[in-house]
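Asks: My structure is in run-v7.cif, and what it holds is mmCIF, C-alpha atoms:
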```cif
data_my_file
loop_
_atom_site.label_atom_id
_atom_site.label_comp_id
_atom_site.auth_asym_id
_atom_site.auth_seq_id
_atom_site.Cartn_x
_atom_site.Cartn_y
_atom_site.Cartn_z
CA MET A 300 -61.43 151.55 -148.80
CA HIS A 301 -60.10 149.19 -151.47
CA ALA A 302 -61.95 149.13 -154.78
CA ASP A 303 -61.95 145.32 -154.86
CA ARG A 304 -62.76 144.54 -151.21
CA ILE A 305 -65.85 144.54 -149.01
CA GLU A 306 -65.46 145.70 -145.42
CA ALA A 307 -67.55 144.21 -142.63
CA THR A 308 -67.53 145.49 -139.07
CA TYR A 309 -68.43 143.27 -136.12
CA LEU A 310 -68.95 143.55 -132.40
CA ILE A 311 -67.42 140.52 -130.69
CA GLU A 312 -67.03 139.20 -127.15
CA THR A 313 -64.31 136.71 -126.26
CA PRO A 314 -62.12 135.59 -123.34
CA LEU A 315 -59.23 135.27 -125.79
CA ALA A 316 -57.09 137.94 -127.45
CA PRO A 317 -59.44 139.85 -129.80
CA ALA A 318 -56.73 140.24 -132.44
CA LYS A 319 -56.24 136.48 -132.52
CA VAL A 320 -59.99 135.90 -132.75
CA ALA A 321 -60.21 138.40 -135.61
CA GLU A 322 -57.64 136.38 -137.54
CA VAL A 323 -59.68 133.23 -136.91
CA MET A 324 -62.75 135.02 -138.28
CA ALA A 325 -60.87 136.14 -141.38
CA GLY A 326 -59.53 132.67 -142.05
CA GLU A 327 -62.84 130.91 -141.43
CA GLN A 328 -64.66 133.12 -143.92
CA SER A 329 -62.08 133.08 -146.69
CA CYS A 330 -59.46 130.54 -147.77
CA GLY A 331 -58.43 129.21 -144.36
CA THR A 332 -59.53 126.90 -141.59
CA PHE A 333 -58.15 126.19 -138.12
CA THR A 334 -54.89 125.00 -139.64
CA ARG A 335 -53.08 125.54 -142.91
CA VAL A 336 -54.02 122.91 -145.46
CA HIS A 337 -52.36 121.39 -148.54
CA GLY A 338 -52.82 123.67 -151.54
CA GLU A 339 -53.14 126.84 -149.49
CA THR A 340 -50.16 128.46 -151.12
CA ASP A 341 -48.82 131.90 -150.36
CA ASP A 342 -50.09 133.08 -153.74
CA LEU A 343 -53.59 131.76 -153.06
CA ARG A 344 -53.64 133.40 -149.63
CA ALA A 345 -52.52 136.71 -151.11
CA ARG A 346 -55.43 136.61 -153.56
CA ALA A 347 -58.20 135.06 -151.51
CA ARG A 348 -57.63 135.60 -147.82
CA ALA A 349 -59.68 138.09 -145.81
CA ILE A 350 -57.68 140.79 -144.04
CA VAL A 351 -58.15 142.11 -140.52
CA GLU A 352 -58.26 145.87 -141.02
CA SER A 353 -58.68 146.97 -137.41
CA VAL A 354 -59.36 145.75 -133.87
CA GLU A 355 -60.67 148.20 -131.27
CA LYS A 356 -60.95 146.98 -127.69
CA LEU A 357 -64.06 148.13 -125.85
CA ASP A 358 -65.41 147.23 -122.40
CA VAL A 359 -64.88 144.04 -120.41
CA ALA A 360 -67.69 141.85 -119.03
CA GLU A 361 -67.48 139.60 -115.98
CA THR A 362 -69.98 137.09 -117.41
CA PRO A 363 -70.40 135.91 -121.00
CA ALA A 364 -73.29 137.21 -123.08
CA LEU A 365 -74.02 133.78 -124.55
CA PRO A 366 -73.26 130.16 -123.57
CA ASN A 367 -70.36 128.46 -125.30
CA THR A 368 -69.66 124.75 -124.81
CA TRP A 369 -66.30 124.92 -126.58
CA LEU A 370 -64.99 127.44 -124.06
CA GLU A 371 -66.65 125.67 -121.14
CA ARG A 372 -64.75 122.49 -121.99
CA GLN A 373 -61.56 124.50 -121.66
CA ARG A 374 -62.72 125.88 -118.29
CA ASN A 375 -61.93 129.38 -119.47
CA PRO A 376 -62.73 131.72 -116.56
CA GLY A 377 -62.93 134.99 -118.52
CA PRO A 378 -63.08 137.96 -118.27
CA TRP A 379 -64.79 138.55 -121.58
CA GLN A 380 -63.30 141.29 -123.71
CA ARG A 381 -65.55 143.09 -126.15
CA ALA A 382 -64.08 144.56 -129.31
CA ARG A 383 -65.06 146.07 -132.63
CA VAL A 384 -63.40 144.28 -135.53
CA THR A 385 -63.29 145.26 -139.20
CA ILE A 386 -62.41 142.62 -141.79
CA SER A 387 -62.19 143.05 -145.56
CA PHE A 388 -63.01 140.33 -148.07
CA PRO A 389 -61.97 140.13 -151.74
CA THR A 390 -64.95 140.72 -154.02
CA ALA A 391 -63.46 138.10 -156.36
CA ASN A 392 -64.22 135.43 -153.74
CA ILE A 393 -67.92 136.22 -154.04
CA GLY A 394 -68.88 137.77 -157.35
CA ALA A 395 -72.36 139.20 -157.90
CA ASN A 396 -73.88 136.55 -155.67
CA LEU A 397 -75.97 137.95 -152.85
CA PRO A 398 -76.59 134.73 -150.86
CA THR A 399 -72.85 134.02 -150.95
CA LEU A 400 -72.09 137.59 -149.89
CA ALA A 401 -74.33 137.07 -146.85
CA ALA A 402 -72.73 133.69 -146.14
CA THR A 403 -69.27 135.27 -146.36
CA VAL A 404 -69.83 138.20 -144.01
CA ALA A 405 -71.92 136.17 -141.57
CA GLY A 406 -72.34 132.42 -142.06
CA ASN A 407 -70.37 130.22 -139.67
CA LEU A 408 -69.02 133.18 -137.73
CA TYR A 409 -71.97 132.89 -135.35
CA ASP A 410 -70.89 129.36 -134.45
CA LEU A 411 -67.23 130.06 -133.71
CA GLY A 412 -66.04 128.55 -130.45
CA GLU A 413 -63.78 131.53 -129.75
CA VAL A 414 -66.64 133.97 -129.17
CA THR A 415 -69.42 134.37 -126.63
CA GLY A 416 -71.02 137.08 -128.72
CA LEU A 417 -70.82 138.22 -132.34
CA ARG A 418 -72.88 140.76 -134.22
CA LEU A 419 -72.47 141.97 -137.80
CA GLU A 420 -72.88 145.74 -137.49
CA SER A 421 -72.21 147.26 -140.90
CA LEU A 422 -70.99 146.71 -144.44
CA ARG A 423 -69.05 149.00 -146.76
CA LEU A 424 -69.21 148.21 -150.45
CA PRO A 425 -67.16 149.73 -153.29
CA GLN A 426 -69.23 151.34 -156.02
CA ALA A 427 -67.98 148.99 -158.73
CA TYR A 428 -69.22 146.01 -156.71
CA ARG A 429 -72.54 147.63 -155.79
CA ALA A 430 -73.12 148.30 -159.51
CA GLN A 431 -73.27 144.55 -160.18
CA PHE A 432 -76.55 144.30 -158.25
CA ASP A 433 -80.05 145.64 -158.83
CA LEU A 434 -80.92 149.26 -158.14
CA PRO A 435 -84.35 150.30 -156.87
CA ARG A 436 -86.71 150.75 -159.81
CA HIS A 437 -88.41 153.71 -158.14
CA GLY A 438 -86.85 154.60 -154.79
CA VAL A 439 -87.74 157.95 -153.27
CA ALA A 440 -88.19 160.01 -156.44
CA GLY A 441 -90.09 157.32 -158.31
CA THR A 442 -92.44 156.66 -155.41
CA ARG A 443 -93.22 160.37 -155.29
CA ARG A 444 -93.97 160.34 -159.03
CA LEU A 445 -96.27 157.33 -158.77
CA THR A 446 -98.28 158.85 -155.93
CA GLY A 447 -98.17 162.45 -157.06
CA VAL A 448 -96.72 163.54 -153.71
CA ALA A 449 -94.06 166.05 -154.69
CA ASP A 450 -93.40 167.29 -151.16
CA GLY A 451 -93.92 166.16 -147.60
CA PRO A 452 -94.15 162.63 -146.25
CA LEU A 453 -96.30 159.95 -147.80
CA VAL A 454 -99.08 159.44 -145.27
CA GLY A 455 -100.12 155.82 -145.15
CA SER A 456 -102.07 153.24 -143.25
CA ILE A 457 -102.36 149.48 -142.83
CA ILE A 458 -105.51 147.51 -143.52
CA LYS A 459 -107.13 146.73 -140.18
CA PRO A 460 -108.36 144.23 -139.07
CA ASN A 461 -105.04 142.72 -140.15
CA VAL A 462 -106.68 139.52 -141.41
CA GLY A 463 -110.21 138.18 -141.64
CA LEU A 464 -111.87 140.59 -144.07
CA SER A 465 -113.26 139.17 -147.30
CA ALA A 466 -111.97 140.45 -150.63
CA GLU A 467 -115.03 142.67 -151.04
CA GLU A 468 -114.80 143.98 -147.47
CA THR A 469 -111.14 144.79 -148.05
CA GLY A 470 -112.06 146.66 -151.20
CA GLU A 471 -114.70 148.68 -149.35
CA LEU A 472 -112.21 149.58 -146.61
CA VAL A 473 -109.61 150.65 -149.17
CA GLY A 474 -112.23 152.85 -150.82
CA THR A 475 -112.88 154.51 -147.46
CA LEU A 476 -109.17 155.01 -146.85
CA CYS A 477 -108.65 156.48 -150.33
CA ALA A 478 -111.47 158.93 -149.67
CA ALA A 479 -109.86 159.80 -146.33
CA GLY A 480 -106.89 161.26 -148.23
CA LEU A 481 -104.15 158.67 -147.87
CA ASP A 482 -101.18 158.40 -150.21
CA PHE A 483 -100.27 154.81 -149.38
CA ILE A 484 -102.08 151.72 -148.08
CA LYS A 485 -100.53 148.35 -147.31
CA ASP A 486 -101.59 144.85 -146.39
CA ASP A 487 -100.48 143.51 -143.05
CA GLU A 488 -97.60 141.05 -143.16
CA ILE A 489 -99.82 138.17 -142.01
CA CYS A 490 -102.39 138.71 -144.77
CA ALA A 491 -101.01 137.43 -148.07
CA ASP A 492 -103.25 134.90 -149.87
CA PRO A 493 -105.77 133.70 -147.25
CA ALA A 494 -108.70 131.45 -148.13
CA HIS A 495 -111.23 134.12 -147.13
CA ALA A 496 -109.61 136.83 -149.32
CA PRO A 497 -107.38 135.25 -151.97
CA LEU A 498 -105.26 137.64 -153.97
CA ALA A 499 -107.01 136.59 -157.17
CA GLN A 500 -110.16 138.20 -155.73
CA ARG A 501 -108.67 140.82 -153.39
CA ILE A 502 -106.46 142.57 -155.96
CA PRO A 503 -109.34 143.27 -158.39
CA ALA A 504 -111.67 144.31 -155.55
CA VAL A 505 -109.13 146.75 -154.13
CA MET A 506 -107.99 148.15 -157.45
CA ASP A 507 -111.60 148.75 -158.50
CA ARG A 508 -111.85 151.25 -155.61
CA VAL A 509 -108.42 152.72 -156.34
CA ARG A 510 -109.37 153.34 -159.96
CA ARG A 511 -112.71 154.87 -159.01
CA HIS A 512 -110.97 157.23 -156.61
CA GLN A 513 -108.41 158.14 -159.26
CA ASP A 514 -111.19 158.81 -161.79
CA ARG A 515 -112.91 161.16 -159.32
CA THR A 516 -109.85 162.98 -157.99
CA GLY A 517 -106.93 162.35 -160.30
CA LYS A 518 -105.04 160.90 -157.32
CA HIS A 519 -103.43 157.45 -157.56
CA VAL A 520 -103.22 155.84 -154.12
CA MET A 521 -100.37 153.35 -153.91
CA VAL A 522 -101.47 150.02 -152.45
CA ALA A 523 -98.77 147.55 -151.39
CA PHE A 524 -100.29 144.12 -151.89
CA ASN A 525 -98.65 141.46 -149.74
CA ILE A 526 -97.73 138.83 -152.32
CA THR A 527 -95.35 136.87 -150.05
CA ASP A 528 -95.28 133.29 -151.34
CA GLU A 529 -93.02 130.93 -153.25
CA THR A 530 -91.26 132.56 -156.17
CA ASP A 531 -93.47 131.53 -159.11
CA ALA A 532 -96.62 132.45 -157.20
CA MET A 533 -95.19 135.89 -156.37
CA ARG A 534 -94.50 136.51 -160.05
CA ARG A 535 -98.10 135.57 -160.92
CA HIS A 536 -99.45 137.83 -158.17
CA ALA A 537 -97.26 140.73 -159.34
CA ASP A 538 -98.53 140.30 -162.89
CA LEU A 539 -102.13 140.53 -161.66
CA VAL A 540 -101.37 143.71 -159.71
CA GLU A 541 -99.86 145.24 -162.83
CA ARG A 542 -102.80 144.20 -165.03
CA GLU A 543 -105.20 145.81 -162.56
CA GLY A 544 -103.30 149.10 -162.65
CA GLY A 545 -101.55 148.77 -159.31
CA SER A 546 -98.17 150.28 -158.55
CA CYS A 547 -96.72 148.36 -155.58
CA ILE A 548 -96.15 144.91 -154.16
CA MET A 549 -94.93 143.93 -150.70
CA VAL A 550 -92.87 140.97 -149.56
CA SER A 551 -91.79 139.65 -146.18
CA LEU A 552 -88.07 139.75 -146.86
CA ASN A 553 -86.80 137.35 -144.21
CA TRP A 554 -89.16 134.55 -145.14
CA CYS A 555 -88.83 134.85 -148.94
CA GLY A 556 -85.04 135.08 -149.00
CA TYR A 557 -82.54 137.01 -151.08
CA SER A 558 -82.81 134.92 -154.24
CA ALA A 559 -86.60 135.03 -154.42
CA VAL A 560 -86.68 138.79 -153.95
CA GLN A 561 -84.00 139.27 -156.59
CA THR A 562 -86.01 137.15 -159.01
CA LEU A 563 -89.16 139.12 -158.26
CA ARG A 564 -87.34 142.43 -158.72
CA ARG A 565 -86.05 141.40 -162.13
CA HIS A 566 -89.50 140.15 -163.15
CA SER A 567 -91.60 143.14 -162.14
CA GLY A 568 -91.30 146.90 -162.58
CA LEU A 569 -93.70 147.62 -159.71
CA ALA A 570 -92.49 149.41 -156.61
CA LEU A 571 -91.19 146.80 -154.19
CA HIS A 572 -92.05 147.36 -150.53
CA GLY A 573 -89.67 145.44 -148.27
CA HIS A 574 -91.17 144.36 -144.94
CA ARG A 575 -88.66 143.31 -142.30
CA ASN A 576 -90.95 141.27 -140.00
CA GLY A 577 -88.82 138.78 -138.11
CA PHE A 578 -85.87 141.14 -137.92
CA GLY A 579 -86.13 141.13 -134.13
CA ALA A 580 -85.07 137.49 -134.09
CA LEU A 581 -81.86 138.55 -135.81
CA SER A 582 -81.18 141.70 -133.84
CA ARG A 583 -82.66 142.00 -130.36
CA HIS A 584 -79.67 140.60 -128.47
CA PRO A 585 -76.95 143.28 -128.51
CA LEU A 586 -74.19 140.70 -128.98
CA LEU A 587 -75.80 138.42 -131.52
CA GLY A 588 -77.12 138.59 -135.05
CA ILE A 589 -77.11 141.54 -137.37
CA GLY A 590 -77.54 145.28 -136.96
CA PHE A 591 -79.96 147.15 -139.19
CA ASP A 592 -77.20 148.98 -141.05
CA ALA A 593 -75.77 145.71 -142.36
CA TYR A 594 -79.25 144.24 -142.81
CA GLN A 595 -80.50 147.07 -145.01
CA ALA A 596 -77.30 147.03 -147.04
CA LEU A 597 -77.80 143.38 -147.98
CA TRP A 598 -81.48 143.79 -148.80
CA ARG A 599 -80.96 146.93 -150.84
CA LEU A 600 -78.84 144.85 -153.20
CA THR A 601 -82.06 143.04 -154.20
CA GLY A 602 -83.44 146.30 -155.61
CA VAL A 603 -86.20 147.04 -153.08
CA ASP A 604 -87.71 150.53 -153.18
CA HIS A 605 -88.94 150.86 -149.57
CA MET A 606 -87.65 149.48 -146.25
CA HIS A 607 -89.41 149.31 -142.91
CA VAL A 608 -87.57 150.93 -140.01
CA HIS A 609 -90.36 150.82 -137.37
CA GLY A 610 -91.30 154.07 -135.61
CA LEU A 611 -90.14 156.49 -132.91
CA ASN A 612 -91.81 156.22 -129.52
CA GLY A 613 -93.53 153.19 -131.04
CA LYS A 614 -94.95 149.96 -129.71
CA PHE A 615 -92.01 147.68 -130.50
CA ALA A 616 -88.82 146.88 -128.60
CA GLN A 617 -86.24 148.61 -130.80
CA PRO A 618 -84.67 151.75 -129.28
CA ASP A 619 -85.30 155.04 -131.04
CA GLU A 620 -81.60 155.28 -131.91
CA GLU A 621 -81.88 152.19 -134.11
CA VAL A 622 -84.93 153.60 -135.90
CA ILE A 623 -83.17 156.90 -136.54
CA GLU A 624 -79.95 155.29 -137.75
CA GLY A 625 -81.96 152.91 -139.94
CA ALA A 626 -83.85 155.72 -141.65
CA ARG A 627 -80.65 157.66 -142.28
CA ALA A 628 -78.95 154.55 -143.67
CA CYS A 629 -81.82 153.92 -146.12
CA LEU A 630 -81.51 157.44 -147.50
CA ALA A 631 -77.71 157.37 -147.79
CA PRO A 632 -75.76 156.03 -150.79
CA LEU A 633 -75.17 152.32 -150.34
CA ALA A 634 -71.66 152.24 -151.76
CA ALA A 635 -68.95 153.84 -149.65
CA ASP A 636 -67.53 155.74 -152.63
CA ALA A 637 -70.81 156.61 -154.39
CA ALA A 638 -71.19 160.18 -155.57
CA ASP A 639 -74.90 160.61 -154.86
CA GLY A 640 -77.94 159.00 -153.29
CA SER A 641 -79.56 157.74 -156.48
CA ASP A 642 -79.92 154.26 -154.96
CA ALA A 643 -81.63 155.51 -151.79
CA VAL A 644 -84.74 153.67 -150.65
CA MET A 645 -87.71 155.27 -148.90
CA PRO A 646 -87.81 154.46 -145.17
CA ALA A 647 -91.23 153.38 -143.91
CA PHE A 648 -92.08 154.45 -140.35
CA SER A 649 -94.80 152.41 -138.66
CA SER A 650 -95.85 150.80 -135.37
CA GLY A 651 -97.72 153.00 -132.92
CA GLN A 652 -97.40 156.15 -135.03
CA TRP A 653 -99.84 159.06 -134.85
CA ALA A 654 -99.80 162.85 -134.99
CA GLY A 655 -98.04 163.02 -131.63
CA THR A 656 -94.98 161.11 -132.88
CA VAL A 657 -94.42 163.47 -135.82
CA PRO A 658 -92.25 166.00 -133.90
CA VAL A 659 -89.70 163.41 -132.75
CA THR A 660 -89.58 161.94 -136.25
CA TRP A 661 -88.90 165.32 -137.86
CA GLU A 662 -86.34 166.25 -135.22
CA ALA A 663 -84.53 162.94 -135.65
CA VAL A 664 -84.31 162.64 -139.44
CA GLY A 665 -84.84 166.21 -140.65
CA THR A 666 -86.46 165.11 -143.90
CA ALA A 667 -89.91 164.34 -145.23
CA ASP A 668 -88.58 161.74 -147.69
CA LEU A 669 -90.34 158.95 -145.86
CA MET A 670 -93.54 157.01 -145.42
CA PHE A 671 -95.37 157.78 -142.21
CA MET A 672 -97.82 154.95 -141.61
CA SER A 673 -100.46 154.94 -138.94
CA GLY A 674 -103.08 152.28 -138.30
CA GLY A 675 -104.92 153.11 -135.10
CA GLY A 676 -103.78 156.73 -135.25
CA ILE A 677 -105.90 157.12 -138.38
CA MET A 678 -108.69 154.58 -138.13
CA ALA A 679 -109.28 155.04 -134.40
CA HIS A 680 -109.39 158.84 -134.56
CA PRO A 681 -112.58 159.86 -132.71
CA ASP A 682 -113.81 161.78 -135.76
CA GLY A 683 -113.02 159.06 -138.29
CA PRO A 684 -110.22 158.13 -140.70
CA ALA A 685 -110.35 161.34 -142.73
CA ALA A 686 -109.83 163.39 -139.57
CA GLY A 687 -107.00 161.03 -138.60
CA VAL A 688 -105.23 161.64 -141.91
CA ARG A 689 -105.73 165.40 -141.60
CA SER A 690 -104.35 165.38 -138.06
CA ILE A 691 -101.12 163.77 -139.28
CA ARG A 692 -100.76 166.18 -142.19
CA GLN A 693 -101.43 169.10 -139.84
CA ALA A 694 -98.73 167.80 -137.49
CA TRP A 695 -96.21 167.56 -140.32
CA ASP A 696 -97.07 171.04 -141.58
CA ALA A 697 -96.57 172.36 -138.05
CA VAL A 698 -93.16 170.83 -137.38
CA ARG A 699 -91.82 171.79 -140.79
CA ALA A 700 -92.89 175.37 -140.07
CA GLY A 701 -91.19 175.32 -136.67
CA ARG A 702 -94.45 175.33 -134.66
CA THR A 703 -95.43 173.17 -131.70
CA LEU A 704 -98.37 170.81 -132.08
CA ASP A 705 -100.29 172.53 -129.31
CA ASP A 706 -99.89 175.85 -131.06
CA ALA A 707 -100.97 174.42 -134.42
CA ALA A 708 -103.90 172.56 -132.85
CA ALA A 709 -105.48 175.79 -131.62
CA GLY A 710 -107.04 176.35 -135.03
CA GLN A 711 -107.17 172.75 -136.30
CA PRO A 712 -109.78 170.57 -134.58
CA GLU A 713 -108.56 167.29 -136.11
CA LEU A 714 -105.11 167.73 -134.60
CA ARG A 715 -106.58 168.93 -131.31
CA ARG A 716 -108.82 165.87 -131.03
CA SER A 717 -105.92 163.56 -131.88
CA LEU A 718 -103.69 165.07 -129.20
CA ASP A 719 -106.45 164.91 -126.60
CA PHE A 720 -107.55 161.37 -127.47
CA PHE A 721 -104.28 159.53 -128.18
CA GLY A 722 -102.22 161.65 -125.81
CA LYS A 723 -104.30 160.48 -122.87
CA LYS A 724 -103.91 156.87 -123.98
CA GLY A 725 -100.12 157.28 -123.95
#
```
Once more with this new file: its structure as structure tokens, please.
Replies:
Amino acid sequence: MHADRIEATYLIETPLAPAKVAEVMAGEQSCGTFTRVHGETDDLRARARAIVESVEKLDVAETPALPNTWLERQRNPGPWQRARVTISFPTANIGANLPTLAATVAGNLYDLGEVTGLRLESLRLPQAYRAQFDLPRHGVAGTRRLTGVADGPLVGSIIKPNVGLSAEETGELVGTLCAAGLDFIKDDEICADPAHAPLAQRIPAVMDRVRRHQDRTGKHVMVAFNITDETDAMRRHADLVEREGGSCIMVSLNWCGYSAVQTLRRHSGLALHGHRNGFGALSRHPLLGIGFDAYQALWRLTGVDHMHVHGLNGKFAQPDEEVIEGARACLAPLAADAADGSDAVMPAFSSGQWAGTVPVTWEAVGTADLMFMSGGGIMAHPDGPAAGVRSIRQAWDAVRAGRTLDDAAAGQPELRRSLDFFGKKG
């Protein structure tokens, strides 16, 4: 790819010639509009215009994926050609400006009259451009250092009930989860600064238990406090976490926005846990929105250290293929021409995960550089949370040694009970 251009790949659907529509897309998102305007010189176009790099025709649909009044007014009968289009944009049009990068590769494209479907699938960035944005402060290696987990997955859980516990009750639960042997604990996305457990009280209550556990065992358990809020409040919350000896903060990416997360990253050296809640609204329709590969590329430019990818055989709507591709993308270098994976972020698997979903996870990604989070699979284990944690570790040990779970469970009662209990529920 060109050293001074960003490449974006789209899936489109249109009753018109895809090559013509691709040119419309390129013009709309660079120096052009529907007609050439005064001042749009040949020199300006050579410097600033987006370029259609490729158009690949795919299947044809008999009905449109989405309604389109502009085409209906023209009584266009179809059929609707689907195509994969790659367009490159000059980095000089954008600069180190993440909101404008997002507006350039997406923006008004979703409103174009020429399409009945458009989805941003992926982005390719040159290394020199990627270097203008924040890197993760910790990423995979740093998260391992903070938690003392040199090998294997980070086993984590979510505070349940999701919301409703007081600050002191939350602290007591975190103490129990620390004692159960977890590496990582996080707030739920809907519990940020509620009246019944404000962060000003919850952070000290939780960190008191974390410190006590660390004093007894030498183990620092990473707690991702959900500090989602307006920007100044998030900075205050992050400062309190740091003063209390915490190591991680969590934000709901979609609702805070690129600029707020960038500001938070530059303010705080804590590990930044990126939660993608709301991503389904951007992605569930196959011909609308944004694919996770492009999504994670944009958010990684804010400097997050962890990204949620959901879980395999989980409780949400995303297909396993998306989860797998998402995890692999998080662990790959972000820039197309990068030499290594030093900017990799740790993928966080969650949603319906338990010991029984470990084999498919290992088979799919082939690495333990991940967070494996389980709520019910730990806290609802019939022998308690500690047995739930052990069952997950036993499952990971088994698959990494090439053993089946049933074979490993023969001598490990925690895993056996998990398979019997949760397996029947499935």
Asks: May I have the residues within 10 Å of Ile350 (chain A) as a PDB file with C-alpha atoms, in the coordinates of the input, using only C-alpha atoms and disregarding those fewer than 6 positions away in the same chain?
Replies:
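Written file, selection_35.pdb:
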```
ATOM      1  CA  ARG A 304     -62.760 144.540-151.210  1.00  0.00           C
ATOM      2  CA  GLU A 306     -65.460 145.700-145.420  1.00  0.00           C
ATOM      3  CA  ALA A 321     -60.210 138.400-135.610  1.00  0.00           C
ATOM      4  CA  GLU A 322     -57.640 136.380-137.540  1.00  0.00           C
ATOM      5  CA  MET A 324     -62.750 135.020-138.280  1.00  0.00           C
ATOM      6  CA  ALA A 325     -60.870 136.140-141.380  1.00  0.00           C
ATOM      7  CA  GLY A 326     -59.530 132.670-142.050  1.00  0.00           C
ATOM      8  CA  SER A 329     -62.080 133.080-146.690  1.00  0.00           C
ATOM      9  CA  THR A 385     -63.290 145.260-139.200  1.00  0.00           C
ATOM     10  CA  ILE A 386     -62.410 142.620-141.790  1.00  0.00           C
ATOM     11  CA  SER A 387     -62.190 143.050-145.560  1.00  0.00           C
ATOM     12  CA  PHE A 388     -63.010 140.330-148.070  1.00  0.00           C
ATOM     13  CA  PRO A 389     -61.970 140.130-151.740  1.00  0.00           C
TER      14      PRO A 389
END
```
Asks: Considering only C-alpha atoms, return as a PDB file with C-alpha atoms, in the coordinates of the input whatever protein or nucleic-acid residues lie within 12 Å of Ala697 (chain A), sequence-local ones (same chain, fewer than 5 positions apart) excluded.
Replies:
```
ATOM      1  CA  GLY A 451     -93.920 166.160-147.600  1.00  0.00           C
ATOM      2  CA  ALA A 654     -99.800 162.850-134.990  1.00  0.00           C
ATOM      3  CA  GLY A 655     -98.040 163.020-131.630  1.00  0.00           C
ATOM      4  CA  VAL A 657     -94.420 163.470-135.820  1.00  0.00           C
ATOM      5  CA  PRO A 658     -92.250 166.000-133.900  1.00  0.00           C
ATOM      6  CA  TRP A 661     -88.900 165.320-137.860  1.00  0.00           C
ATOM      7  CA  SER A 690    -104.350 165.380-138.060  1.00  0.00           C
ATOM      8  CA  ILE A 691    -101.120 163.770-139.280  1.00  0.00           C
ATOM      9  CA  ARG A 692    -100.760 166.180-142.190  1.00  0.00           C
ATOM     10  CA  ARG A 702     -94.450 175.330-134.660  1.00  0.00           C
ATOM     11  CA  THR A 703     -95.430 173.170-131.700  1.00  0.00           C
ATOM     12  CA  LEU A 704     -98.370 170.810-132.080  1.00  0.00           C
ATOM     13  CA  ASP A 705    -100.290 172.530-129.310  1.00  0.00           C
ATOM     14  CA  ASP A 706     -99.890 175.850-131.060  1.00  0.00           C
ATOM     15  CA  ALA A 707    -100.970 174.420-134.420  1.00  0.00           C
ATOM     16  CA  ALA A 708    -103.900 172.560-132.850  1.00  0.00           C
ATOM     17  CA  ALA A 709    -105.480 175.790-131.620  1.00  0.00           C
ATOM     18  CA  GLY A 710    -107.040 176.350-135.030  1.00  0.00           C
ATOM     19  CA  GLN A 711    -107.170 172.750-136.300  1.00  0.00           C
ATOM     20  CA  LEU A 714    -105.110 167.730-134.600  1.00  0.00           C
TER      21      LEU A 714
END
```
Asks: Using the chain letters and residue numbers of this document, give as a short mmCIF file (atom, residue, chain, number, x, y, z; two decimals) with C-alpha atoms, in the frame of the given file the residues selected by the PyMOL selection byres ((chain A and resi 669-680) around 9).
Replies:
```
data_model
loop_
_atom_site.label_atom_id
_atom_site.label_comp_id
_atom_site.auth_asym_id
_atom_site.auth_seq_id
_atom_site.Cartn_x
_atom_site.Cartn_y
_atom_site.Cartn_z
CA VAL A 439 -87.74 157.95 -153.27
CA GLY A 451 -93.92 166.16 -147.60
CA PRO A 452 -94.15 162.63 -146.25
CA LEU A 453 -96.30 159.95 -147.80
CA VAL A 454 -99.08 159.44 -145.27
CA GLY A 455 -100.12 155.82 -145.15
CA SER A 456 -102.07 153.24 -143.25
CA ILE A 457 -102.36 149.48 -142.83
CA ILE A 458 -105.51 147.51 -143.52
CA LYS A 459 -107.13 146.73 -140.18
CA LEU A 476 -109.17 155.01 -146.85
CA PHE A 483 -100.27 154.81 -149.38
CA ILE A 484 -102.08 151.72 -148.08
CA HIS A 605 -88.94 150.86 -149.57
CA GLY A 610 -91.30 154.07 -135.61
CA ALA A 626 -83.85 155.72 -141.65
CA MET A 645 -87.71 155.27 -148.90
CA PRO A 646 -87.81 154.46 -145.17
CA ALA A 647 -91.23 153.38 -143.91
CA PHE A 648 -92.08 154.45 -140.35
CA SER A 649 -94.80 152.41 -138.66
CA SER A 650 -95.85 150.80 -135.37
CA GLY A 651 -97.72 153.00 -132.92
CA GLN A 652 -97.40 156.15 -135.03
CA TRP A 653 -99.84 159.06 -134.85
CA ALA A 654 -99.80 162.85 -134.99
CA VAL A 657 -94.42 163.47 -135.82
CA THR A 666 -86.46 165.11 -143.90
CA ALA A 667 -89.91 164.34 -145.23
CA ASP A 668 -88.58 161.74 -147.69
CA PRO A 681 -112.58 159.86 -132.71
CA ASP A 682 -113.81 161.78 -135.76
CA GLY A 683 -113.02 159.06 -138.29
CA PRO A 684 -110.22 158.13 -140.70
CA ALA A 685 -110.35 161.34 -142.73
CA ALA A 686 -109.83 163.39 -139.57
CA GLY A 687 -107.00 161.03 -138.60
CA VAL A 688 -105.23 161.64 -141.91
CA ARG A 689 -105.73 165.40 -141.60
CA SER A 690 -104.35 165.38 -138.06
CA ILE A 691 -101.12 163.77 -139.28
CA GLU A 713 -108.56 167.29 -136.11
CA ARG A 716 -108.82 165.87 -131.03
CA SER A 717 -105.92 163.56 -131.88
CA PHE A 720 -107.55 161.37 -127.47
CA PHE A 721 -104.28 159.53 -128.18
#
```
Asks: Using all atoms listed in the file, can you tell me which of A:Leu586, A:Ala391, A:Leu498, A:Ile305 comes closest to Val351 (chain A)?
Replies: A:Ile305
Asks: Could you pull the residues within 9 Å of region 564-570 of chain A, counting only C-alpha atoms, minus those fewer than 3 positions along the same chain, as a list in words?
Replies: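 Residues near the query, excluding close chain neighbours: Asp433, Pro435, Arg436, His437, Gly438, Gly441, Thr442, Ala523, Arg534, Ala537, Asp538, Val540, Glu541, Gly545, Ser546, Cys547, Ile548, Met549, Ala559, Val560, Gln561, Thr601, Gly602, Val603, Asp604 and His605 of chain A.
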